[in-house]
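Coordinates as given in coords_18.cif (mmCIF, C-alpha atoms):
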```cif
data_coords
loop_
_atom_site.label_atom_id
_atom_site.label_comp_id
_atom_site.auth_asym_id
_atom_site.auth_seq_id
_atom_site.Cartn_x
_atom_site.Cartn_y
_atom_site.Cartn_z
CA MET A 61 61.86 -71.01 -13.81
CA ILE A 62 61.85 -74.77 -13.60
CA GLU A 63 63.18 -77.53 -15.83
CA TYR A 64 62.30 -81.12 -15.04
CA PRO A 65 63.77 -84.06 -16.93
CA ASN A 66 62.38 -87.43 -15.89
CA VAL A 67 60.32 -86.29 -12.90
CA PRO A 68 58.05 -89.02 -11.49
CA GLY A 69 54.38 -88.41 -12.29
CA PRO A 70 53.22 -87.68 -8.72
CA GLU A 71 55.98 -85.10 -8.20
CA LEU A 72 55.26 -83.41 -11.52
CA ARG A 73 51.53 -83.27 -10.71
CA ARG A 74 52.38 -81.67 -7.33
CA ILE A 75 54.53 -79.04 -9.05
CA MET A 76 51.87 -78.36 -11.69
CA ALA A 77 49.19 -78.05 -8.98
CA GLY A 78 51.37 -75.51 -7.16
CA LEU A 79 51.85 -73.47 -10.32
CA GLY A 80 48.14 -73.76 -11.06
CA HIS A 81 47.42 -72.34 -7.62
CA ASP A 82 49.82 -69.41 -8.07
CA TYR A 83 49.03 -68.49 -11.71
CA ARG A 84 45.73 -68.00 -13.52
CA PHE A 85 46.69 -68.89 -17.11
CA TYR A 86 49.25 -70.94 -18.96
CA LEU A 87 50.34 -71.50 -22.50
CA CYS A 88 51.67 -74.89 -23.46
CA THR A 89 53.76 -75.85 -26.45
CA MET A 90 56.01 -78.70 -27.54
CA THR A 91 59.38 -78.68 -29.29
CA TYR A 92 61.70 -81.32 -30.65
CA PRO A 93 65.46 -81.59 -29.98
CA ASP A 94 67.36 -78.62 -31.40
CA TYR A 95 64.17 -77.22 -32.94
CA CYS A 96 62.87 -73.79 -31.87
CA GLU A 97 65.11 -73.64 -28.80
CA ASP A 98 66.03 -70.06 -29.76
CA VAL A 99 62.35 -69.13 -29.85
CA VAL A 100 61.74 -70.68 -26.44
CA ALA A 101 64.69 -68.69 -25.06
CA ARG A 102 63.14 -65.46 -26.44
CA MET A 103 59.79 -66.42 -24.90
CA ILE A 104 61.42 -66.85 -21.50
CA GLU A 105 63.20 -63.51 -21.88
CA PHE A 106 59.84 -61.89 -22.70
CA GLY A 107 58.43 -63.11 -19.38
CA LYS A 108 61.32 -62.29 -17.06
CA PRO A 109 60.58 -58.54 -16.82
CA LEU A 110 57.02 -59.38 -15.69
CA GLY A 111 58.48 -60.77 -12.47
CA GLN A 112 57.80 -64.05 -10.72
CA ALA A 113 54.45 -62.81 -9.41
CA ASN A 114 53.18 -62.58 -13.00
CA PHE A 115 55.26 -65.12 -14.96
CA ASN A 116 56.85 -68.52 -14.55
CA TYR A 117 58.12 -71.26 -16.84
CA LEU A 118 58.26 -75.03 -16.59
CA ARG A 119 59.88 -77.41 -19.06
CA GLU A 120 59.38 -81.17 -19.14
CA THR A 121 62.21 -82.85 -21.04
CA TYR A 122 61.84 -86.23 -22.72
CA PRO A 123 64.26 -88.10 -25.02
CA ASP A 124 62.42 -87.08 -28.20
CA HIS A 125 60.68 -83.81 -27.27
CA SER A 126 60.12 -81.12 -24.63
CA VAL A 127 56.88 -79.66 -23.30
CA HIS A 128 57.00 -75.98 -22.31
CA TYR A 129 54.55 -74.26 -19.96
CA PHE A 130 54.48 -70.47 -19.72
CA TRP A 131 52.47 -69.40 -16.66
CA PHE A 132 50.85 -65.95 -16.33
CA ASN A 133 48.64 -64.10 -13.87
CA ARG A 134 47.42 -61.31 -16.17
CA TRP A 135 45.39 -61.83 -19.32
CA ALA A 136 47.04 -58.77 -20.90
CA ASP A 137 50.42 -60.52 -20.60
CA VAL A 138 49.01 -63.65 -22.24
CA THR A 139 47.71 -61.68 -25.22
CA ALA A 140 50.93 -59.65 -25.53
CA PHE A 141 52.92 -62.90 -25.48
CA GLN A 142 50.70 -64.40 -28.18
CA ARG A 143 50.98 -61.28 -30.38
CA LYS A 144 54.76 -61.20 -30.05
CA PHE A 145 55.22 -64.87 -30.91
CA GLU A 146 52.28 -65.50 -33.25
CA GLY A 147 54.65 -66.09 -36.18
CA ASN A 148 56.27 -68.93 -34.24
CA MET A 149 53.04 -70.59 -33.21
CA GLY A 150 51.88 -72.79 -36.04
CA PRO A 151 51.36 -76.47 -36.80
CA ASP A 152 54.90 -77.38 -35.70
CA PHE A 153 54.88 -75.05 -32.72
CA ASP A 154 51.35 -75.53 -31.45
CA ASN A 155 50.02 -73.36 -28.65
CA VAL A 156 47.12 -73.71 -26.23
CA VAL A 157 45.79 -71.26 -23.66
CA ALA A 158 44.48 -73.05 -20.61
CA GLU A 159 42.23 -71.57 -17.99
CA HIS A 160 42.44 -73.71 -14.90
CA SER A 161 40.54 -72.05 -12.11
CA TYR A 162 37.32 -70.25 -11.32
CA ARG A 163 39.41 -67.07 -11.08
CA THR A 164 39.85 -66.95 -14.86
CA MET A 165 37.64 -65.17 -17.34
CA PRO A 166 34.10 -66.61 -17.52
CA THR A 167 33.23 -68.95 -20.38
CA ALA A 168 30.28 -68.44 -22.68
#
```
Show me the file's structure as structure tokens.
Amino acid sequence: MIEYPNVPGPELRRIMAGLGHDYRFYLCTMTYPDYCEDVVARMIEFGKPLGQANFNYLRETYPDHSVHYFWFNRWADVTAFQRKFEGNMGPDFDNVVAEHSYRTMPTA
């Protein structure tokens, strides 16, 4: 699990590329200071039992917000994560599933 405040762009892109190589899917969300931190902590706890081979987490911290990336290797884990936290994923806690390699599910 990685947290990066103020990482230079090239370094952050290198880290993201490494995670993108090791994991097939990620969910991305944004929070504001002292808002939803308890939910993010529960999301991380959800992923820990999956093990590092199937789950990782990266947080970019900025003065006025944080961006959270939850990385997965199995689609079933992504859907279970979304079901568990669907009540916390709304307009203020937006969520996006990203497929970033040819290894992911085919698109229509």
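Here CA of Gly80 (chain A) stands at a distance of 22.9 Å from CA of Phe145 (chain A).
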Task: Minimum-distance residue to Tyr117 (chain A), chosen among A:Arg134, A:Leu87, A:Glu146, A:Leu72 (using all atoms listed in the file) - done: A:Leu87
Task: Interatomic distance (Å, one decimal) between CA of Lys108 (chain A) and CA of Cys96 (chain A) - done: 18.8 Å
- [ ] Report the distance between CA of Asp137 (chain A) and CA of Arg119 (chain A) in Å, rounded to one decimal place.
- [x]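 Computing the Euclidean distance for CA of Asp137 (chain A) and CA of Arg119 (chain A) yields 19.4 Å.
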Please tell me which residues are no farther than 12 Å from (70.0, -80.4, -28.9) in the file, counting only C-alpha atoms, and write them as a compact mmCIF listing (two decimals) with C-alpha atoms, in the coordinates of the input.
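File produced: part.txt:
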```
# COMPACT_ATOMS: atom_id res chain seq x y z
CA THR A 91 59.38 -78.68 -29.29
CA TYR A 92 61.70 -81.32 -30.65
CA PRO A 93 65.46 -81.59 -29.98
CA ASP A 94 67.36 -78.62 -31.40
CA TYR A 95 64.17 -77.22 -32.94
CA CYS A 96 62.87 -73.79 -31.87
CA GLU A 97 65.11 -73.64 -28.80
CA ASP A 98 66.03 -70.06 -29.76
CA THR A 121 62.21 -82.85 -21.04
CA TYR A 122 61.84 -86.23 -22.72
CA PRO A 123 64.26 -88.10 -25.02
CA ASP A 124 62.42 -87.08 -28.20
CA HIS A 125 60.68 -83.81 -27.27
CA SER A 126 60.12 -81.12 -24.63
```
Open item on the list: Could you list, as a ChimeraX atom specification, every residue within 12 Å of Phe132 (chain A), counting only C-alpha atoms and ignoring same-chain residues fewer than 2 positions away?
Closed with: /A:79-88,104,106-108,110-118,129-130,134-142,157-160,164
- [ ] Could you tell me which of A:Arg143, A:Arg73, A:Asn133, A:His128 comes closest to Ala101 (chain A) if we count all atoms listed in the file?
- [x]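 Using all atoms listed in the file, Ala101 (chain A) sits closest to A:His128.
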Region 107-123 of chain A: axis-aligned bounding box, 4 Å on each side, centre and edge lengths in Å, one decimal, as JSON:
```
{"center_x": 58.7, "center_y": -73.3, "center_z": -17.2, "size_x": 19.1, "size_y": 37.6, "size_z": 23.6}
```
